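What follows is the content of model26.cif (mmCIF, C-alpha atoms).
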```cif
data_protein
#
loop_
_atom_site.group_PDB
_atom_site.id
_atom_site.type_symbol
_atom_site.label_atom_id
_atom_site.label_comp_id
_atom_site.auth_asym_id
_atom_site.auth_seq_id
_atom_site.Cartn_x
_atom_site.Cartn_y
_atom_site.Cartn_z
ATOM 1 C CA SER A 316 0.000 0.000 0.000
ATOM 2 C CA THR A 317 2.816 2.369 -0.912
ATOM 3 C CA MET A 318 3.778 4.473 -3.915
ATOM 4 C CA MET A 319 7.345 4.029 -5.137
ATOM 5 C CA VAL A 320 9.080 6.800 -7.064
ATOM 6 C CA ASP A 321 12.537 7.593 -8.407
ATOM 7 C CA LEU A 322 14.463 10.863 -8.159
ATOM 8 C CA ASP A 323 12.736 12.059 -11.338
ATOM 9 C CA GLY A 324 9.495 11.972 -9.341
ATOM 10 C CA ALA A 325 7.908 9.171 -11.371
ATOM 11 C CA ARG A 326 6.410 5.868 -10.228
ATOM 12 C CA ILE A 327 8.608 2.993 -11.323
ATOM 13 C CA ALA A 328 6.359 -0.098 -11.221
ATOM 14 C CA ASN A 329 3.372 -1.849 -9.678
ATOM 15 C CA GLU A 330 4.235 -1.728 -5.980
ATOM 16 C CA GLU A 331 2.565 -5.095 -5.376
ATOM 17 C CA GLY A 332 5.651 -6.649 -6.967
ATOM 18 C CA TYR A 333 7.966 -5.763 -4.092
ATOM 19 C CA VAL A 334 9.015 -9.413 -3.705
ATOM 20 C CA GLY A 335 9.170 -10.201 -7.410
ATOM 21 C CA PHE A 336 11.425 -9.638 -10.378
ATOM 22 C CA ASP A 337 9.464 -6.785 -11.974
ATOM 23 C CA LEU A 338 10.176 -4.248 -9.254
ATOM 24 C CA VAL A 339 13.780 -5.351 -8.928
ATOM 25 C CA GLU A 340 14.354 -4.959 -12.658
ATOM 26 C CA ALA A 341 12.549 -1.603 -12.703
ATOM 27 C CA SER A 342 14.909 -0.394 -9.966
ATOM 28 C CA PHE A 343 18.067 -1.023 -11.982
ATOM 29 C CA GLY A 344 17.688 1.956 -14.304
ATOM 30 C CA VAL A 345 16.491 4.653 -11.901
ATOM 31 C CA PRO A 346 18.520 7.868 -11.410
ATOM 32 C CA ASP A 347 21.382 7.317 -8.936
ATOM 33 C CA GLY A 348 19.837 3.951 -8.081
ATOM 34 C CA VAL A 349 17.467 5.596 -5.579
ATOM 35 C CA VAL A 350 13.937 4.290 -5.037
ATOM 36 C CA VAL A 351 11.737 6.038 -2.463
ATOM 37 C CA ALA A 352 8.702 4.358 -0.912
ATOM 38 C CA LEU A 353 5.994 6.875 0.012
ATOM 39 C CA TYR A 354 3.241 6.125 2.526
ATOM 40 C CA PRO A 355 0.215 8.018 3.810
ATOM 41 C CA LYS A 356 1.023 8.424 7.522
ATOM 42 C CA SER A 357 -2.043 6.461 8.638
ATOM 43 C CA VAL A 358 -0.975 3.508 6.478
ATOM 44 C CA PHE A 359 2.637 3.724 7.628
ATOM 45 C CA ASP A 360 1.589 3.758 11.288
ATOM 46 C CA SER A 361 -0.312 0.489 10.810
ATOM 47 C CA THR A 362 2.592 -1.216 9.034
ATOM 48 C CA LEU A 363 4.704 -3.854 10.772
ATOM 49 C CA ALA A 364 8.457 -3.374 10.388
ATOM 50 C CA ILE A 365 10.031 -6.823 10.504
ATOM 51 C CA VAL A 366 13.620 -7.156 11.653
ATOM 52 C CA PRO A 367 15.638 -9.534 9.394
ATOM 53 C CA SER A 368 15.911 -12.801 11.270
ATOM 54 C CA HIS A 369 19.706 -12.901 11.035
ATOM 55 C CA ASN A 370 19.675 -9.812 13.293
ATOM 56 C CA TRP A 371 17.446 -11.315 15.978
ATOM 57 C CA GLU A 372 19.021 -11.331 19.426
ATOM 58 C CA ASP A 373 17.182 -14.540 20.232
ATOM 59 C CA ILE A 374 16.553 -16.878 17.308
ATOM 60 C CA HIS A 375 13.357 -18.145 18.941
ATOM 61 C CA VAL A 376 11.803 -14.705 19.499
ATOM 62 C CA TYR A 377 9.989 -13.016 16.601
ATOM 63 C CA GLU A 378 11.197 -9.410 16.518
ATOM 64 C CA SER A 379 9.647 -6.335 14.929
ATOM 65 C CA LEU A 380 9.958 -2.555 15.167
ATOM 66 C CA GLU A 381 7.344 0.089 15.781
ATOM 67 C CA THR A 382 7.183 2.382 12.768
ATOM 68 C CA SER A 383 7.869 5.313 15.089
ATOM 69 C CA GLU A 384 11.285 3.764 15.734
ATOM 70 C CA LEU A 385 12.057 3.960 12.007
ATOM 71 C CA ILE A 386 11.272 7.671 12.026
ATOM 72 C CA ASP A 387 13.098 8.357 15.294
ATOM 73 C CA GLY A 388 16.122 6.473 13.970
ATOM 74 C CA GLY A 389 16.196 8.455 10.733
ATOM 75 C CA VAL A 390 15.373 5.476 8.516
ATOM 76 C CA CYS A 391 12.153 7.150 7.339
ATOM 77 C CA THR A 392 11.119 10.815 7.301
ATOM 78 C CA GLU A 393 7.785 12.612 7.623
ATOM 79 C CA TYR A 394 6.786 15.496 5.333
ATOM 80 C CA ALA A 395 3.816 17.830 5.603
ATOM 81 C CA ASN A 396 3.417 18.115 1.838
ATOM 82 C CA VAL A 397 4.896 17.385 -1.591
ATOM 83 C CA ALA A 398 6.880 20.650 -1.574
ATOM 84 C CA GLU A 399 8.811 19.645 1.571
ATOM 85 C CA LEU A 400 9.403 16.147 0.233
ATOM 86 C CA SER A 401 10.623 17.417 -3.142
ATOM 87 C CA ALA A 402 13.018 19.920 -1.605
ATOM 88 C CA ASP A 403 14.574 17.355 0.736
ATOM 89 C CA TRP A 404 15.104 14.696 -1.940
ATOM 90 C CA GLY A 405 16.025 17.041 -4.796
ATOM 91 C CA ILE A 406 13.005 16.000 -6.879
ATOM 92 C CA ASP A 407 11.287 18.417 -9.242
ATOM 93 C CA GLU A 408 8.180 19.491 -7.336
ATOM 94 C CA ALA A 409 5.917 19.863 -10.380
ATOM 95 C CA THR A 410 6.788 16.385 -11.638
ATOM 96 C CA LEU A 411 6.267 14.756 -8.262
ATOM 97 C CA GLN A 412 3.000 16.623 -7.729
ATOM 98 C CA GLY A 413 1.841 15.338 -11.117
ATOM 99 C CA THR A 414 2.659 11.786 -10.013
ATOM 100 C CA PHE A 415 0.610 12.254 -6.837
ATOM 101 C CA ASP A 416 -2.265 13.755 -8.824
ATOM 102 C CA THR A 417 -2.318 10.837 -11.271
ATOM 103 C CA TYR A 418 -2.219 8.386 -8.361
ATOM 104 C CA GLU A 419 -5.162 10.106 -6.679
ATOM 105 C CA VAL A 420 -7.178 9.832 -9.891
ATOM 106 C CA SER A 421 -6.490 6.085 -9.857
ATOM 107 C CA VAL A 422 -7.508 5.888 -6.185
ATOM 108 C CA THR A 423 -10.806 7.626 -6.919
ATOM 109 C CA ALA A 424 -11.481 5.488 -9.980
ATOM 110 C CA GLY A 425 -10.487 2.282 -8.225
ATOM 111 C CA SER A 426 -8.290 1.421 -11.213
ATOM 112 C CA ASP A 427 -4.564 2.038 -11.640
ATOM 113 C CA SER A 428 -4.123 3.683 -15.038
ATOM 114 C CA GLU A 429 -0.323 3.307 -14.959
ATOM 115 C CA TYR A 430 0.540 -0.155 -13.626
ATOM 116 C CA ASP A 431 -2.762 -1.959 -12.975
ATOM 117 C CA LYS A 432 -2.194 -2.171 -9.241
ATOM 118 C CA ALA A 433 -5.070 -3.854 -7.380
ATOM 119 C CA ALA A 434 -7.675 -1.387 -6.132
ATOM 120 C CA ASP A 435 -7.376 -2.689 -2.544
ATOM 121 C CA TYR A 436 -3.832 -1.309 -2.395
ATOM 122 C CA LEU A 437 -4.627 2.090 -3.918
ATOM 123 C CA LEU A 438 -4.840 4.311 -0.840
ATOM 124 C CA SER A 439 -5.217 8.079 -0.859
ATOM 125 C CA PHE A 440 -2.571 10.563 0.299
ATOM 126 C CA GLN A 441 -5.126 13.383 0.512
ATOM 127 C CA GLY A 442 -4.889 15.276 3.816
ATOM 128 C CA GLU A 443 -2.163 12.939 5.043
ATOM 129 C CA THR A 444 1.376 13.507 6.228
ATOM 130 C CA ILE A 445 3.716 11.738 3.793
ATOM 131 C CA VAL A 446 6.302 9.268 5.073
ATOM 132 C CA ALA A 447 9.287 8.545 2.819
ATOM 133 C CA CYS A 448 11.724 5.638 3.127
ATOM 134 C CA GLN A 449 14.569 4.867 0.740
ATOM 135 C CA LEU A 450 14.608 1.272 -0.469
ATOM 136 C CA PHE A 451 17.738 -0.788 -0.996
ATOM 137 C CA LEU A 452 18.047 -3.940 -3.068
ATOM 138 C CA GLY A 453 19.570 -6.848 -1.232
ATOM 139 C CA LEU A 454 19.977 -10.574 -1.127
ATOM 140 C CA ALA A 455 16.677 -12.122 -0.127
ATOM 141 C CA LYS A 456 17.665 -15.405 1.453
ATOM 142 C CA ALA A 457 19.922 -18.402 1.070
ATOM 143 C CA PHE A 458 20.127 -21.890 2.441
ATOM 144 C CA THR A 459 23.017 -24.311 2.363
ATOM 145 C CA GLY A 460 24.873 -25.317 -0.784
ATOM 146 C CA VAL A 461 28.037 -24.646 -2.743
ATOM 147 C CA ALA A 462 29.311 -21.076 -2.816
ATOM 148 C CA ILE A 463 28.768 -19.211 -6.083
ATOM 149 C CA ASP A 464 29.420 -15.698 -7.323
ATOM 150 C CA ILE A 465 26.695 -13.530 -8.859
ATOM 151 C CA ASP A 466 27.415 -15.028 -12.295
ATOM 152 C CA GLY A 467 26.877 -18.639 -11.179
ATOM 153 C CA HIS A 468 30.544 -19.720 -11.014
ATOM 154 C CA VAL A 469 31.238 -22.215 -8.238
ATOM 155 C CA LEU A 470 33.851 -20.954 -5.770
ATOM 156 C CA GLY A 471 36.460 -23.107 -4.106
ATOM 157 C CA GLU A 472 37.450 -23.075 -0.434
ATOM 158 C CA ASP A 473 39.870 -20.249 -1.237
ATOM 159 C CA GLY A 474 37.009 -18.150 -2.619
ATOM 160 C CA GLU A 475 38.379 -18.338 -6.150
ATOM 161 C CA ILE A 476 36.363 -19.437 -9.209
ATOM 162 C CA ILE A 477 36.606 -23.119 -10.144
ATOM 163 C CA ASP A 478 37.087 -22.919 -13.894
ATOM 164 C CA GLY A 479 34.240 -24.370 -15.958
ATOM 165 C CA LEU A 480 32.024 -25.293 -12.981
ATOM 166 C CA PHE A 481 28.630 -23.623 -12.488
ATOM 167 C CA ALA A 482 25.747 -24.146 -10.082
ATOM 168 C CA ALA A 483 22.164 -22.969 -9.594
ATOM 169 C CA GLY A 484 18.984 -23.707 -7.686
ATOM 170 C CA GLU A 485 18.940 -25.897 -4.603
ATOM 171 C CA VAL A 486 22.555 -27.029 -4.920
ATOM 172 C CA ALA A 487 23.603 -23.372 -4.789
ATOM 173 C CA GLY A 488 21.550 -22.492 -1.717
ATOM 174 C CA MET A 489 18.531 -21.365 -3.774
ATOM 175 C CA LEU A 490 19.280 -17.709 -4.284
ATOM 176 C CA GLY A 491 22.334 -15.790 -5.388
ATOM 177 C CA THR A 492 20.595 -12.741 -6.802
ATOM 178 C CA GLU A 493 18.379 -9.851 -5.689
ATOM 179 C CA GLY A 494 15.039 -11.318 -6.812
ATOM 180 C CA ILE A 495 12.487 -13.465 -5.026
ATOM 181 C CA GLY A 496 8.945 -14.248 -6.012
ATOM 182 C CA VAL A 497 6.071 -16.679 -5.886
ATOM 183 C CA GLY A 498 6.245 -20.432 -5.628
ATOM 184 C CA PHE A 499 7.205 -22.533 -2.644
ATOM 185 C CA ASN A 500 8.186 -19.592 -0.458
ATOM 186 C CA GLY A 501 10.106 -18.208 -3.408
ATOM 187 C CA SER A 502 11.968 -21.418 -4.238
ATOM 188 C CA VAL A 503 10.632 -21.849 -7.760
ATOM 189 C CA THR A 504 11.623 -18.392 -8.909
ATOM 190 C CA ALA A 505 14.901 -18.620 -7.003
ATOM 191 C CA CYS A 506 15.815 -21.737 -8.980
ATOM 192 C CA TYR A 507 14.672 -20.085 -12.193
ATOM 193 C CA SER A 508 16.708 -16.962 -11.501
ATOM 194 C CA THR A 509 19.977 -18.671 -10.573
ATOM 195 C CA GLY A 510 19.547 -21.157 -13.428
ATOM 196 C CA LEU A 511 19.093 -18.349 -15.922
ATOM 197 C CA VAL A 512 22.185 -16.533 -14.659
ATOM 198 C CA ALA A 513 24.397 -19.617 -14.583
ATOM 199 C CA GLY A 514 23.138 -20.731 -18.001
ATOM 200 C CA GLU A 515 23.889 -17.373 -19.585
ATOM 201 C CA THR A 516 27.366 -17.351 -18.050
ATOM 202 C CA ALA A 517 28.112 -20.858 -19.317
ATOM 203 C CA ALA A 518 26.764 -20.017 -22.770
ATOM 204 C CA GLN A 519 28.978 -16.958 -23.025
ATOM 205 C CA ARG A 520 31.995 -19.088 -22.103
ATOM 206 C CA ARG A 521 31.296 -21.470 -25.013
ATOM 207 C CA ARG A 522 31.097 -18.711 -27.641
#
```
Written as structure tokens, how would this file's structure read?
Amino acid sequence: STMMVDLDGARIANEEGYVGFDLVEASFGVPDGVVVALYPKSVFDSTLAIVPSHNWEDIHVYESLETSELIDGGVCTEYANVAELSADWGIDEATLQGTFDTYEVSVTAGSDSEYDKAADYLLSFQGETIVACQLFLGLAKAFTGVAIDIDGHVLGEDGEIIDGLFAAGEVAGMLGTEGIGVGFNGSVTACYSTGLVAGETAAQRRR
């Protein structure tokens, strides 16, 4: 239930795809690599901020943050209006205001004219304080398996590439890239993604 924009002030994709490949790929070409998630304050306040499990102090205790902690810690920032937001992020105000206006038209119509986002997730910013959080791409998860680099080469115990040996999918710990998606908790698309990368790398080697 967020709106994601780049530093040009434009939406970049259907925000429902935050755990899929579409949003990840859309993020690659944005100015300075910066993607900003914008929330109406009432929506942000009701959002659960989940701490990555590898940072849990006790592995058996589910940990989360209050959204106020994200603001107090400087992770996210509140703005009274588009003008304040634009000035702080160096975004052209007219362009960003146009993006908000288009989004509000979609909210009213119950149909996303830009990216076909589901109506249930189209929530109005009208009369709301705006909360902005910068997003960062990162590795989603990994299990056990042989070590690989981002191109699918298998790495030896010394961390160096083993010439001519590639791995993907479950044998490579499921995921070596930035994308996750649907399937068995992301496993299907993880295998697809690493297989595609390793296959392309091997194919290039044979040319």
Query raised in the report: Mind telling me what the PyMOL selection byres ((chain A and resi 476) around 12) catches here, as a list in words?
Result: Val461, Ala462, Ile463, Asp464, Ile465, Asp466, Gly467, His468, Val469, Leu470, Gly471, Glu472, Asp473, Gly474, Glu475, Ile477, Asp478, Gly479, Leu480, Phe481 and Ala482 of chain A
Query raised in the report: What's the 8 Å shell around stretch 404-408 of chain A, counting all atoms listed in the file, without same-chain residues fewer than 5 positions away, as a PyMOL selection string?
Result: chain A and resi 322-324+397-398
Query raised in the report: Counting only C-alpha atoms, what is within 9 Å of A:Cys391, bar same-chain residues fewer than 6 positions away, as an MDAnalysis selection string?
Result: chainID A and resid 382 385 446:449
Query raised in the report: Where does the PyMOL selection byres ((chain A and resi 342) around 12) land in this file, that is, which residues does it pick, as a VMD selection string?
Result: chain A and resid 319 to 322 325 to 330 332 to 333 335 to 341 343 to 352 449 to 453 493 to 494
Report task. Please identify all polymer residues within 9 Å of A:Tyr377, counting all atoms listed in the file, omitting same-chain residues fewer than 2 positions from it, and present them as a VMD selection string. Result -> chain A and resid 365 to 366 368 371 373 to 375 379
Query - Shell around stretch 355-358 of chain A at 6 Å using all atoms listed in the file, local window under 5 positions removed, as a list of chain:residue names - result: A:Phe440, A:Glu443, A:Thr444, A:Ile445, A:Val446
**Report entry** Length of the atom CA of A:Gly389 to atom CA of A:Gly442 vector [Å]
**Finding:**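 Spanning atom CA of A:Gly389 to atom CA of A:Gly442 is a straight-line distance of 23.2 Å.
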Write out as JSON an axis-aligned box for stretch 423-430 of chain A: all of its atoms listed in the file, 5 Å added on each side, centre and edge lengths in Å with one decimal.
```
{"center_x": -5.5, "center_y": 3.7, "center_z": -11.0, "size_x": 22.0, "size_y": 17.8, "size_z": 18.1}
```
Query raised in the report: What's the 10 Å shell around A:Glu419, counting all atoms listed in the file, without same-chain residues fewer than 5 positions away, as a PyMOL selection string?
Result: chain A and resi 413-414+424-425+427+437-441
Query raised in the report: Quick one: of A:Ser508, A:Leu353, A:Glu331, A:Arg521, who's nearest to A:Tyr394, counting only C-alpha atoms?
Result: A:Leu353
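From atom CA of A:Ser316 back to atom CA of A:Val376, the distance works out to 27.1 Å.
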Report task. Using atom CA of A:Val420 and atom CA of A:Ala402 as the two end points, give the distance in Å to one decimal. Result ->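 Here the two named atoms are 24.0 Å from each other.
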